[in-house]
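Pasting final.cif here (mmCIF, C-alpha atoms and all ligand atoms):
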data_data
#
loop_
_atom_site.label_atom_id
_atom_site.label_comp_id
_atom_site.auth_asym_id
_atom_site.auth_seq_id
_atom_site.Cartn_x
_atom_site.Cartn_y
_atom_site.Cartn_z
CA MET A 1 109.92 -86.09 -114.13
CA THR A 2 106.37 -86.68 -115.30
CA HIS A 3 104.98 -85.06 -118.39
CA GLU A 4 101.35 -84.89 -117.23
CA SER A 5 99.66 -81.99 -118.96
CA GLY A 6 102.83 -80.88 -120.74
CA GLY A 7 102.58 -79.24 -124.12
CA ILE A 8 103.57 -80.55 -127.51
CA LEU A 9 104.95 -78.42 -130.33
CA TYR A 10 105.51 -79.70 -133.83
CA CYS A 11 107.66 -77.82 -136.36
CA ASN A 12 106.88 -78.57 -139.99
CA CYS A 13 110.10 -77.00 -141.35
CA THR A 14 107.99 -75.82 -144.26
CA TYR A 15 110.60 -73.68 -146.00
CA ALA A 16 113.39 -76.25 -146.29
CA GLN A 17 113.85 -79.91 -147.05
CA VAL A 18 115.99 -80.72 -144.05
CA LEU A 19 113.55 -83.09 -142.39
CA ASP A 20 112.55 -86.35 -144.00
CA PRO A 21 109.06 -85.67 -145.42
CA ALA A 22 107.88 -89.17 -144.53
CA ALA A 23 109.03 -88.78 -140.91
CA LYS A 24 107.37 -85.38 -140.66
CA GLN A 25 104.10 -86.72 -142.01
CA ALA A 26 104.16 -89.74 -139.76
CA VAL A 27 104.72 -87.64 -136.64
CA LEU A 28 102.03 -85.15 -137.60
CA ARG A 29 99.60 -87.95 -138.41
CA LYS A 30 100.22 -89.49 -135.01
CA LEU A 31 99.54 -86.17 -133.32
CA CYS A 32 96.39 -85.59 -135.34
CA ASP A 33 95.04 -89.03 -134.52
CA SER A 34 95.88 -88.81 -130.82
CA GLY A 35 92.96 -86.71 -129.69
CA ARG A 36 95.46 -84.57 -127.75
CA SER A 37 95.83 -80.85 -127.91
CA PHE A 38 99.04 -79.65 -129.53
CA GLU A 39 100.69 -76.71 -131.20
CA ALA A 40 101.97 -76.93 -134.76
CA VAL A 41 103.99 -74.27 -136.54
CA ALA A 42 105.04 -74.00 -140.15
CA ASP A 43 108.64 -73.07 -139.52
CA LEU A 44 110.27 -72.09 -136.24
CA CYS A 45 113.14 -70.50 -138.14
CA GLU A 46 110.78 -68.11 -139.89
CA MET A 47 109.06 -67.27 -136.61
CA SER A 48 112.40 -66.58 -134.95
CA ALA A 49 113.55 -64.30 -137.76
CA ARG A 50 110.29 -62.38 -137.50
CA LYS A 51 110.59 -62.24 -133.70
CA ASP A 52 107.07 -63.62 -133.75
CA PRO A 53 105.50 -63.03 -130.31
CA ALA A 54 103.85 -66.44 -130.66
CA LEU A 55 107.18 -67.95 -129.62
CA LYS A 56 106.65 -66.46 -126.16
CA ARG A 57 103.30 -68.13 -125.75
CA LEU A 58 104.74 -71.41 -127.02
CA ALA A 59 107.67 -71.23 -124.59
CA SER A 60 105.52 -70.37 -121.60
CA GLY A 61 103.74 -72.65 -119.22
CA GLY A 62 105.70 -75.66 -118.12
CA ASN A 63 106.86 -78.88 -119.65
CA LEU A 64 107.17 -78.85 -123.39
CA LYS A 65 108.16 -81.43 -125.97
CA ILE A 66 109.23 -80.04 -129.32
CA ALA A 67 109.50 -82.10 -132.49
CA ALA A 68 111.92 -80.13 -134.68
CA CYS A 69 115.67 -80.40 -135.29
CA PHE A 70 118.86 -80.04 -133.21
CA PRO A 71 118.22 -78.93 -129.61
CA ARG A 72 121.03 -76.35 -129.79
CA ALA A 73 119.44 -74.72 -132.84
CA VAL A 74 115.97 -74.77 -131.33
CA LYS A 75 117.26 -73.28 -128.06
CA TRP A 76 118.84 -70.27 -129.78
CA LEU A 77 116.01 -69.76 -132.25
CA PHE A 78 113.69 -69.20 -129.30
CA ALA A 79 116.22 -67.23 -127.27
CA SER A 80 117.12 -64.87 -130.08
CA ALA A 81 113.44 -64.02 -130.44
CA GLY A 82 113.27 -63.08 -126.76
CA ALA A 83 111.41 -66.26 -125.81
CA PRO A 84 113.92 -68.47 -123.99
CA LEU A 85 112.97 -72.07 -123.34
CA ASP A 86 113.29 -73.43 -119.82
CA PRO A 87 116.09 -76.02 -120.03
CA GLN A 88 114.58 -77.99 -117.16
CA GLN A 89 111.21 -78.22 -118.84
CA THR A 90 112.03 -78.78 -122.48
CA GLU A 91 112.76 -81.90 -124.48
CA VAL A 92 113.55 -81.52 -128.16
CA LEU A 93 112.98 -84.46 -130.46
CA ASN A 94 115.41 -84.08 -133.32
CA LEU A 95 113.67 -85.21 -136.50
CA ARG A 96 116.97 -84.87 -138.38
CA GLU A 97 118.21 -87.88 -136.45
CA LEU A 98 115.30 -89.74 -134.88
CA ASP A 99 112.95 -91.84 -136.90
CA ALA A 100 109.23 -91.13 -136.70
CA ALA A 101 108.46 -94.09 -134.45
CA LYS A 102 111.01 -93.06 -131.81
CA ALA A 103 110.03 -89.41 -132.01
CA GLY A 104 106.36 -90.34 -131.62
CA GLU A 105 107.18 -92.56 -128.68
CA ARG A 106 108.95 -89.71 -126.89
CA LEU A 107 106.26 -87.17 -127.71
CA PHE A 108 103.63 -89.26 -125.97
CA ALA A 109 105.80 -90.65 -123.19
CA GLU A 110 104.71 -89.73 -119.68
CA ASP A 111 108.16 -88.59 -118.65
CA LEU A 112 110.12 -85.60 -119.85
CA GLN A 113 113.86 -85.92 -120.57
CA PRO A 114 115.22 -82.38 -120.71
CA ASN A 115 117.94 -82.08 -123.35
CA ILE A 116 118.37 -78.40 -124.18
CA PRO A 117 122.12 -77.78 -123.94
CA THR A 118 123.37 -75.39 -121.32
CA GLY A 119 126.81 -73.86 -121.48
CA LYS A 120 129.50 -74.33 -124.09
CA VAL A 121 128.64 -77.72 -125.46
CA THR A 122 131.07 -79.96 -127.27
CA ALA A 123 130.67 -83.52 -128.44
CA SER A 124 131.76 -84.93 -125.10
CA ASP A 125 129.32 -83.10 -122.85
CA VAL A 126 126.13 -82.94 -124.84
CA PRO A 127 123.19 -84.60 -123.09
CA ALA A 128 122.50 -88.03 -124.51
CA PRO A 129 119.73 -87.98 -127.10
CA ALA A 130 116.37 -88.82 -125.56
CA ALA A 131 115.98 -91.92 -127.67
CA ARG A 132 117.51 -93.31 -130.82
CA MET B 1 107.18 -53.45 -144.07
CA SER B 2 110.06 -55.03 -142.19
CA LEU B 3 110.02 -58.70 -141.33
CA ARG B 4 109.69 -57.90 -137.64
CA ASP B 5 106.87 -55.36 -137.76
CA GLN B 6 104.04 -57.57 -138.88
CA SER B 7 101.38 -59.02 -136.61
CA HIS B 8 100.43 -62.66 -136.89
CA LEU B 9 97.25 -64.67 -137.11
CA ARG B 10 96.78 -67.56 -134.72
CA VAL B 11 94.71 -70.44 -136.04
CA VAL B 12 92.85 -72.63 -133.55
CA LEU B 13 91.25 -75.88 -134.57
CA TYR B 14 88.72 -76.46 -131.81
CA GLU B 15 87.59 -80.04 -131.26
CA GLY B 16 86.77 -79.87 -127.56
CA ASP B 17 83.40 -79.70 -125.76
CA GLY B 18 80.64 -78.27 -127.91
CA ALA B 19 82.26 -79.15 -131.21
CA GLU B 20 82.15 -82.25 -133.37
CA PRO B 21 85.67 -83.61 -134.02
CA LEU B 22 86.76 -83.55 -137.65
CA ASP B 23 87.16 -86.77 -139.58
CA GLY B 24 90.75 -88.06 -139.19
CA ASP B 25 91.81 -87.59 -142.81
CA LEU B 26 90.22 -84.18 -143.02
CA ARG B 27 91.96 -83.03 -139.83
CA PHE B 28 95.34 -84.20 -141.11
CA ASP B 29 94.84 -82.71 -144.57
CA ALA B 30 93.62 -79.38 -143.21
CA ILE B 31 96.46 -79.05 -140.70
CA SER B 32 99.06 -80.07 -143.31
CA ARG B 33 97.69 -77.53 -145.77
CA LEU B 34 97.69 -74.73 -143.20
CA LEU B 35 101.27 -75.51 -142.21
CA GLU B 36 102.34 -75.51 -145.83
CA GLN B 37 100.72 -72.07 -146.12
CA GLY B 38 102.88 -70.86 -143.24
CA PHE B 39 100.35 -70.66 -140.40
CA ALA B 40 100.86 -71.48 -136.72
CA LEU B 41 98.07 -73.60 -135.38
CA THR B 42 96.69 -74.80 -132.07
CA ARG B 43 94.70 -77.98 -132.09
CA VAL B 44 92.39 -78.16 -129.10
CA GLY B 45 91.58 -81.79 -128.44
CA SER B 46 90.11 -83.69 -125.55
CA ALA B 47 93.26 -83.60 -123.38
CA GLY B 48 96.60 -81.87 -123.08
CA ARG B 49 97.76 -78.32 -122.79
CA THR B 50 97.63 -75.50 -125.32
CA ALA B 51 99.58 -72.27 -125.36
CA PRO B 52 97.69 -69.44 -123.60
CA ASP B 53 95.82 -66.64 -125.33
CA ASP B 54 98.09 -63.68 -125.89
CA GLY B 55 95.64 -61.25 -127.41
CA VAL B 56 96.73 -61.67 -131.02
CA ALA B 57 94.22 -61.98 -133.83
CA ALA B 58 92.94 -65.54 -133.93
CA VAL B 59 90.53 -67.54 -136.02
CA VAL B 60 88.82 -70.47 -134.29
CA LEU B 61 87.77 -73.24 -136.63
CA GLY B 62 85.37 -75.95 -135.55
CA GLN B 63 82.29 -77.96 -136.30
CA PHE B 64 80.32 -76.14 -133.63
CA GLN B 65 77.22 -77.91 -132.43
CA ASN B 66 75.29 -75.06 -130.85
CA GLY B 67 76.86 -72.03 -132.36
CA ALA B 68 80.20 -70.57 -131.50
CA ARG B 69 78.99 -68.53 -128.55
CA GLN B 70 78.71 -71.57 -126.35
CA LEU B 71 82.42 -72.07 -126.72
CA THR B 72 84.41 -71.13 -123.68
CA THR B 73 88.11 -70.60 -124.03
CA ASP B 74 90.54 -68.64 -121.90
CA ALA B 75 90.50 -66.09 -124.65
CA ALA B 76 88.49 -62.98 -123.99
CA SER B 77 90.23 -61.50 -126.96
CA GLU B 78 88.22 -59.12 -129.09
CA GLN B 79 90.31 -60.27 -131.97
CA LEU B 80 88.75 -63.73 -131.88
CA ARG B 81 86.79 -64.83 -134.95
CA PHE B 82 84.87 -68.07 -135.30
CA THR B 83 84.42 -70.05 -138.48
CA ASN B 84 82.08 -73.01 -138.54
CA VAL B 85 83.75 -75.48 -140.86
CA SER B 86 80.98 -78.09 -140.90
CA GLY B 87 80.83 -79.52 -144.40
CA PHE B 88 84.12 -77.90 -145.47
CA ASP B 89 86.90 -79.83 -147.18
CA SER B 90 90.55 -79.02 -146.39
CA GLU B 91 90.88 -76.63 -149.32
CA ARG B 92 87.89 -74.62 -148.14
CA ILE B 93 89.20 -74.56 -144.57
CA ALA B 94 92.56 -73.23 -145.78
CA GLY B 95 90.75 -70.71 -147.97
CA ALA B 96 88.70 -69.46 -145.01
CA VAL B 97 91.87 -68.99 -142.95
CA GLU B 98 93.59 -67.15 -145.77
CA SER B 99 90.57 -64.81 -146.08
CA THR B 100 90.78 -64.06 -142.36
CA ARG B 101 94.48 -63.41 -142.70
CA ALA B 102 93.83 -60.90 -145.46
CA GLU B 103 90.98 -59.22 -143.49
CA THR B 104 93.09 -58.92 -140.37
CA ASN B 105 96.05 -57.67 -142.38
CA THR B 106 98.34 -60.11 -140.61
CA ALA B 107 101.64 -61.49 -141.91
CA ARG B 108 101.75 -63.34 -145.19
CA HIS B 109 104.18 -66.22 -145.16
CA GLY B 110 106.39 -67.95 -147.67
CA GLU B 111 107.75 -64.92 -149.48
CA TRP B 112 111.18 -65.30 -147.94
CA LYS B 113 113.17 -68.47 -147.25
CA PRO B 114 114.15 -68.18 -143.60
CA TRP B 115 117.90 -68.48 -144.03
CA PHE B 116 119.90 -66.46 -141.53
CA PRO B 117 122.57 -66.88 -138.86
CA VAL B 118 121.60 -67.88 -135.33
CA ILE B 119 124.19 -67.17 -132.65
CA ASP B 120 124.93 -69.67 -129.90
CA TYR B 121 125.71 -67.22 -127.08
CA ASP B 122 127.03 -70.05 -124.92
CA ARG B 123 129.94 -70.20 -127.34
CA CYS B 124 130.20 -66.63 -128.63
CA THR B 125 133.06 -64.52 -127.25
CA ASN B 126 131.82 -61.30 -128.88
CA CYS B 127 134.93 -60.98 -131.04
CA MET B 128 132.99 -59.24 -133.85
CA GLN B 129 134.67 -61.22 -136.65
CA CYS B 130 131.26 -62.01 -138.09
CA LEU B 131 130.20 -58.38 -138.08
CA SER B 132 133.36 -57.29 -139.83
CA PHE B 133 133.11 -60.12 -142.36
CA CYS B 134 129.52 -59.73 -143.53
CA LEU B 135 129.11 -57.33 -146.42
CA PHE B 136 125.35 -57.26 -146.22
CA GLY B 137 124.71 -55.67 -142.84
CA VAL B 138 123.18 -58.78 -141.28
CA TYR B 139 125.06 -58.27 -138.01
CA GLY B 140 125.11 -55.33 -135.64
CA ALA B 141 125.78 -54.62 -131.98
CA ASP B 142 123.28 -53.72 -129.29
CA GLN B 143 123.72 -50.71 -127.02
CA GLN B 144 126.01 -52.66 -124.72
CA GLY B 145 128.23 -53.62 -127.64
CA HIS B 146 127.02 -57.22 -127.87
CA ILE B 147 126.89 -58.91 -131.24
CA GLN B 148 123.40 -59.37 -132.63
CA VAL B 149 121.77 -60.57 -135.81
CA GLN B 150 119.84 -57.46 -136.79
CA ASN B 151 118.78 -57.86 -140.41
CA GLU B 152 117.97 -61.50 -140.97
CA ASP B 153 116.41 -60.92 -144.37
CA ASN B 154 119.60 -59.32 -145.74
CA CYS B 155 121.30 -62.71 -145.50
CA LYS B 156 122.12 -64.46 -148.78
CA THR B 157 120.08 -67.63 -149.07
CA ASN B 158 122.08 -70.85 -148.67
CA CYS B 159 125.33 -69.00 -147.93
CA PRO B 160 126.84 -70.03 -144.59
CA ALA B 161 130.20 -68.26 -145.12
CA CYS B 162 130.10 -66.19 -141.91
CA SER B 163 129.76 -69.35 -139.83
CA ARG B 164 133.22 -70.32 -141.14
CA VAL B 165 134.70 -67.06 -139.95
CA CYS B 166 133.60 -67.59 -136.36
CA PRO B 167 136.52 -68.93 -134.31
CA GLU B 168 134.14 -70.50 -131.79
CA ALA B 169 131.78 -72.29 -134.19
CA ALA B 170 129.05 -70.20 -132.58
CA ILE B 171 127.14 -69.37 -135.75
CA MET B 172 124.41 -71.75 -136.83
CA PHE B 173 122.21 -71.94 -139.88
CA PRO B 174 119.59 -74.46 -138.73
CA LYS B 175 118.62 -75.32 -142.30
CA TYR B 176 122.21 -76.09 -143.35
CA LYS B 177 122.99 -79.64 -144.42
CA ALA B 178 125.82 -80.48 -142.01
CA GLY B 179 127.06 -79.99 -138.48
CA PRO B 180 127.99 -78.07 -136.52
CA ILE B 181 126.50 -75.27 -138.64
CA ASN B 182 123.07 -76.92 -138.51
CA GLY B 183 123.15 -76.93 -134.69
CA ASP B 184 124.74 -80.33 -134.22
CA VAL B 185 127.38 -80.58 -131.49
CA VAL B 186 130.75 -78.90 -132.03
CA THR B 187 133.73 -81.22 -132.29
CA GLU B 188 137.42 -80.49 -131.79
CA ALA B 189 137.92 -80.87 -135.52
CA ASP B 190 135.39 -78.10 -136.10
CA LEU B 191 137.42 -75.80 -133.90
CA ASN B 192 140.65 -76.68 -135.61
CA ARG B 193 139.88 -75.24 -138.96
CA GLU B 194 142.64 -72.70 -138.60
CA LYS B 195 143.54 -72.75 -142.25
CA MET B 196 140.05 -71.84 -143.33
CA LYS B 197 139.81 -69.13 -140.68
CA VAL B 198 143.04 -67.48 -141.80
CA ASP B 199 141.95 -67.56 -145.39
CA ILE B 200 138.66 -65.97 -144.58
CA SER B 201 140.15 -63.21 -142.52
CA ALA B 202 142.24 -62.43 -145.57
CA LEU B 203 139.00 -61.74 -147.41
CA LEU B 204 138.78 -58.55 -145.46
CA GLY B 205 142.40 -57.69 -145.85
CA GLY B 206 143.62 -59.01 -142.54
CA ASP B 207 142.45 -59.80 -139.06
CA VAL B 208 142.20 -56.27 -137.87
CA TYR B 209 140.82 -57.21 -134.49
CA SER B 210 143.55 -59.48 -133.30
CA MET B 211 145.89 -56.71 -134.37
CA LEU B 212 144.01 -54.22 -132.28
CA ARG B 213 144.23 -56.53 -129.30
CA ARG B 214 147.88 -57.45 -129.55
CA ARG B 215 149.07 -54.06 -130.71
CA SER B 216 152.40 -55.63 -131.53
CA ASP B 217 154.77 -54.22 -134.12
CA GLN B 218 154.61 -57.44 -136.01
CA ALA B 219 150.85 -57.24 -136.21
CA LYS B 220 151.01 -53.62 -137.24
CA GLU B 221 153.32 -54.50 -140.06
CA ARG B 222 151.06 -57.31 -141.20
CA PHE B 223 148.06 -55.05 -140.99
CA SER B 224 149.59 -52.37 -143.15
CA LYS B 225 150.69 -54.97 -145.68
CA GLU B 226 147.32 -56.59 -145.84
CA ARG B 227 145.55 -53.29 -146.05
CA ASP B 228 147.06 -52.94 -149.47
CA ASP B 229 143.83 -52.73 -151.45
CA LYS B 230 145.00 -54.66 -154.44
CA LYS B 231 146.43 -57.48 -152.38
CA ALA B 232 143.32 -57.67 -150.24
CA LEU B 233 141.10 -57.95 -153.27
CA GLN B 234 143.27 -60.64 -154.80
CA GLU B 235 143.14 -62.56 -151.56
CA ARG B 236 139.39 -62.15 -151.38
CA GLN B 237 139.01 -63.50 -154.90
CA LYS B 238 141.24 -66.47 -154.14
CA CYS B 239 139.36 -67.32 -150.96
CA LEU B 240 135.92 -66.90 -152.44
CA THR B 241 136.86 -69.28 -155.20
CA LYS B 242 138.12 -71.73 -152.62
CA LEU B 243 134.98 -71.48 -150.53
CA ALA B 244 132.81 -71.80 -153.60
CA SER B 245 134.60 -74.92 -154.70
CA ALA B 246 134.20 -76.37 -151.20
CA GLY B 247 130.48 -76.01 -151.84
CA ASP B 248 129.95 -73.39 -149.21
CA ILE B 249 129.13 -70.26 -151.13
CA PRO B 250 126.49 -70.71 -153.78
CA ALA B 251 127.41 -69.51 -157.27
CA GLU B 252 124.46 -67.07 -157.27
CA VAL B 253 125.89 -65.34 -154.24
CA LEU B 254 129.32 -65.02 -155.83
CA MET B 255 127.82 -63.76 -159.05
CA ASN B 256 125.83 -61.15 -157.20
CA LEU B 257 128.65 -59.78 -155.12
CA PRO B 258 128.99 -56.04 -155.47
CA SER B 259 131.84 -54.44 -157.42
CA PRO B 260 135.33 -54.61 -155.87
CA GLU B 261 135.09 -50.93 -154.92
CA GLU B 262 131.72 -51.46 -153.27
CA ILE B 263 133.05 -54.53 -151.45
CA GLN B 264 135.91 -52.46 -150.15
CA ARG B 265 133.56 -49.71 -149.02
CA ARG B 266 131.20 -52.11 -147.25
CA ALA B 267 134.06 -54.00 -145.66
CA GLU B 268 135.39 -50.72 -144.25
CA GLU B 269 131.93 -49.83 -142.98
CA ALA B 270 131.50 -53.23 -141.31
CA LYS B 271 134.93 -53.00 -139.76
CA ALA B 272 134.17 -49.54 -138.38
CA LYS B 273 130.95 -50.88 -136.82
CA ALA B 274 132.79 -53.81 -135.27
CA HIS B 275 135.58 -51.55 -134.05
CA ALA B 276 133.09 -49.20 -132.39
CA ALA B 277 131.33 -52.12 -130.71
CA LEU B 278 134.62 -53.50 -129.39
CA ALA B 279 135.67 -50.07 -128.16
CA ALA B 280 132.32 -49.70 -126.34
CA GLN B 281 133.06 -52.87 -124.36
CA ARG B 282 136.38 -51.67 -123.00
S1 LIG A 301 113.68 -75.16 -136.20
FE1 LIG A 301 114.66 -76.84 -137.32
S2 LIG A 301 112.92 -78.08 -138.01
FE2 LIG A 301 112.08 -76.08 -137.44
S3 LIG A 301 112.11 -74.80 -139.30
FE3 LIG A 301 114.06 -74.43 -138.29
S4 LIG A 301 115.46 -75.93 -139.24
FE4 LIG A 301 113.41 -76.64 -139.68
S1 LIG A 302 132.51 -64.43 -134.88
FE1 LIG A 302 131.54 -65.94 -133.51
S2 LIG A 302 132.45 -65.58 -131.48
FE2 LIG A 302 132.88 -63.78 -132.75
S3 LIG A 302 131.17 -62.34 -132.32
FE3 LIG A 302 130.59 -63.49 -134.15
S4 LIG A 302 129.39 -65.23 -133.33
FE4 LIG A 302 130.54 -64.38 -131.60
#

Output the structure of this file as structure tokens.
Amino acid sequence: MTHESGGILYCNCTYAQVLDPAAKQAVLRKLCDSGRSFEAVADLCEMSARKDPALKRLASGGNLKIAACFPRAVKWLFASAGAPLDPQQTEVLNLRELDAAKAGERLFAEDLQPNIPTGKVTASDVPAPAAR
Amino acid sequence: MSLRDQSHLRVVLYEGDGAEPLDGDLRFDAISRLLEQGFALTRVGSAGRTAPDDGVAAVVLGQFQNGARQLTTDAASEQLRFTNVSGFDSERIAGAVESTRAETNTARHGEWKPWFPVIDYDRCTNCMQCLSFCLFGVYGADQQGHIQVQNEDNCKTNCPACSRVCPEAAIMFPKYKAGPINGDVVTEADLNREKMKVDISALLGGDVYSMLRRRSDQAKERFSKERDDKKALQERQKCLTKLASAGDIPAEVLMNLPSPEEIQRRAEEAKAKAHAALAAQR
């Protein structure tokens, strides 16, 4: 699946320290220096709690790569705000596990590796992480 | 004003045709600052897709070469404002955005730490244990009797206790330190925390819902025993202490729990809500 003009969304997790600050900065710096268009939000959790309509515009319109945290969390944060992500068109780069170099690599890769879980996921059936 | 009722300002950093790109450090500093201030931002560069206009108030920042009017976007929004940031440093850019936010009376961010339960509906069986457990009215049921998180900002910051009550490990707190509560995959071991589950149900004086389902004499007997107010409160105390020592319930939350009488009243109220929701499904 090619990424072509797919979108990029970066979550800064502003209101918690769960992401490594250095990894966050490195990913954001890469995006800033890329010349590409992208979306950046302060905190997807806050937006979800507020049912921010911006989540609908972010979820709409085709392939999307999201740099944030666990795909299962990101999936339900969007869904509970009435803005479900398309599991076939979404790849979540988990900055709680990936280092900045790998996350950056996946963000700019041509292909999209969908990894939003569908169904009752346990350790044995979760899609393999996009890259480690 | 409730968390959900506020409108939001969209910030667009325009660096496409008709605008001079910002210097690399300035771009990074400005975007970082705006994110720290809680804004959502679209950077329009030379390639790649952006999210469509959705008619919300937006401020478009850019070093516009021939005035903002030349700019064509897919936004015919009347709510669009342009700010020429030529010569601005990142602090001034952030200040300009904050002024627009105040003028447009859009949401102010950062006054509440977004800590609240997120339900994984792939796992949830709608058993209502979470609703009956929470003393703070975070959960409710929709008109079809489905569990919902209804009052996110009532949730006690850093307290993930209700996720422990869920028999399906369906409750996440994405900002929690460990899995599966943070959204990591659910393992068999996570589902086998029977001991903890039993203890927590005792916090409310017994698992009233399994009793309702089984309707067995044995369950009825247990229910009436555990409904003994004094015993239920003792159990609650014991279990809260245990949870606190396991590092799950922050001391501030325990210290700010309502009086035993109030806890009892709220627990009854929550149970009645859960009961009604379960009855509506039948
Ligand atoms: S979605 Fe994940 S990365 Fe983003 S704010 Fe929530 S916890 Fe942080
Ligand atoms: S306790 Fe868990 S399974 Fe039961 S209703 Fe709540 S989220 Fe769903």

Which residues of chain B sit at most 7 Å from ligand LIG 302 (chain A), using all atoms listed in the file? Give each one's shortest atom pair and distance in Å (one decimal place), in chain and ascending residue order, as CSV.
residue,atom,partner,partner_atom,distance
B:Ile119,CA,A:LIG302,S4,5.6
B:Arg123,CA,A:LIG302,S2,6.7
B:Cys124,CA,A:LIG302,FE4,3.7
B:Thr125,CA,A:LIG302,S2,4.4
B:Asn126,CA,A:LIG302,S3,3.7
B:Cys127,CA,A:LIG302,FE2,3.9
B:Met128,CA,A:LIG302,S3,3.9
B:Gln129,CA,A:LIG302,S1,4.3
B:Cys130,CA,A:LIG302,S1,4.2
B:Leu131,CA,A:LIG302,FE3,6.5
B:Ile147,CA,A:LIG302,S3,5.6
B:Val165,CA,A:LIG302,S1,6.1
B:Cys166,CA,A:LIG302,S1,3.7
B:Pro167,CA,A:LIG302,FE1,5.9
B:Glu168,CA,A:LIG302,S2,5.2
B:Ala169,CA,A:LIG302,FE1,6.4
B:Ala170,CA,A:LIG302,FE1,5.0
B:Ile171,CA,A:LIG302,S4,5.3

Residues of chain A within 12 Å of ligand LIG 301 (chain A): nearest atom pair and distance (Å, one decimal) for each, counting all atoms listed in the file, sorted by chain and number, as a Markdown table?
| residue | atom | partner | partner_atom | distance |
| --- | --- | --- | --- | --- |
| A:Leu9 | CA | A:LIG301 | FE2 | 10.3 |
| A:Tyr10 | CA | A:LIG301 | FE2 | 8.3 |
| A:Cys11 | CA | A:LIG301 | FE2 | 4.9 |
| A:Asn12 | CA | A:LIG301 | FE2 | 6.3 |
| A:Cys13 | CA | A:LIG301 | S3 | 3.6 |
| A:Thr14 | CA | A:LIG301 | S3 | 6.5 |
| A:Tyr15 | CA | A:LIG301 | S3 | 7.0 |
| A:Ala16 | CA | A:LIG301 | FE4 | 6.6 |
| A:Gln17 | CA | A:LIG301 | FE4 | 8.1 |
| A:Val18 | CA | A:LIG301 | FE4 | 6.5 |
| A:Leu19 | CA | A:LIG301 | S2 | 6.7 |
| A:Asp20 | CA | A:LIG301 | S2 | 10.2 |
| A:Pro21 | CA | A:LIG301 | S2 | 11.3 |
| A:Ala23 | CA | A:LIG301 | S2 | 11.7 |
| A:Lys24 | CA | A:LIG301 | S2 | 9.5 |
| A:Ala40 | CA | A:LIG301 | FE2 | 10.5 |
| A:Val41 | CA | A:LIG301 | FE2 | 8.3 |
| A:Ala42 | CA | A:LIG301 | S3 | 7.2 |
| A:Asp43 | CA | A:LIG301 | S3 | 3.9 |
| A:Leu44 | CA | A:LIG301 | S3 | 4.5 |
| A:Cys45 | CA | A:LIG301 | FE3 | 4.0 |
| A:Glu46 | CA | A:LIG301 | S3 | 6.8 |
| A:Met47 | CA | A:LIG301 | S3 | 8.6 |
| A:Ser48 | CA | A:LIG301 | FE3 | 8.7 |
| A:Ala49 | CA | A:LIG301 | FE3 | 10.2 |
| A:Leu55 | CA | A:LIG301 | S1 | 11.7 |
| A:Ile66 | CA | A:LIG301 | FE2 | 9.5 |
| A:Ala67 | CA | A:LIG301 | S2 | 7.6 |
| A:Ala68 | CA | A:LIG301 | S2 | 4.0 |
| A:Cys69 | CA | A:LIG301 | FE1 | 4.2 |
| A:Phe70 | CA | A:LIG301 | FE1 | 6.7 |
| A:Pro71 | CA | A:LIG301 | FE1 | 8.7 |
| A:Arg72 | CA | A:LIG301 | S1 | 9.8 |
| A:Ala73 | CA | A:LIG301 | S1 | 6.7 |
| A:Val74 | CA | A:LIG301 | S1 | 5.4 |
| A:Lys75 | CA | A:LIG301 | S1 | 9.1 |
| A:Trp76 | CA | A:LIG301 | S1 | 9.6 |
| A:Leu77 | CA | A:LIG301 | S1 | 7.1 |
| A:Phe78 | CA | A:LIG301 | S1 | 9.1 |
| A:Val92 | CA | A:LIG301 | S1 | 10.3 |
| A:Leu93 | CA | A:LIG301 | S2 | 9.9 |
| A:Asn94 | CA | A:LIG301 | S2 | 8.0 |
| A:Leu95 | CA | A:LIG301 | S2 | 7.3 |
| A:Arg96 | CA | A:LIG301 | S2 | 7.9 |
| A:Glu97 | CA | A:LIG301 | S2 | 11.2 |

Note to self: List as a list in words the protein and nucleic acid residues near A:Gly62, meaning an atom at most 8 Å away when all atoms listed in the file are counted, but skip any in the same chain fewer than 6 places from it.
What the structure shows: Gly6, Gly7 and Gln89 of chain A

Next item on the list: Please provide as a VMD selection string all residues within 12 Å of A:Phe38, with the sequence filter that same-chain residues fewer than 3 positions apart are discarded (counting only C-alpha atoms).
Entry: (chain A and resid 5 to 11 28 30 to 35 41 58 64 to 67 107 to 108) or (chain B and resid 12 to 15 31 40 to 52)

Next item on the list: Work out how far atom CA of B:Leu135 is from atom CA of B:Gln264, in Å to one decimal.
Entry: 9.2 Å

Margin query: Need to verify the contact set: A:Asp52, 8 Å, all atoms listed in the file, exclusion of same-chain residues closer than 5 positions in sequence. Can you return it as a list in words?
Written below: Met47 and Ala81 of chain A; Arg4, Ser7 and His8 of chain B

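Surrounding residues of (90.5, -59.9, -135.3) at most 10 Å away are Leu9, Arg10, Gly55, Val56, Ala57, Ala58, Val59, Ser77, Glu78, Gln79, Leu80, Arg81, Phe82, Thr100, Arg101, Glu103, Thr104, Asn105 and Thr106 of chain B (based on only C-alpha atoms).
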
Check: So which one's closest to chain A, B:Ala102, B:Met172, B:Ala96, B:Cys134? Using only C-alpha atoms, please.
Finding: B:Met172

Next item on the list: Could you tell me which of B:Gln281, B:Gln143, B:Asn84, B:Gln148 comes closest to chain A if we count all atoms listed in the file?
Entry: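 Residue with the minimum atom-to-atom distance to chain A: B:Gln148.
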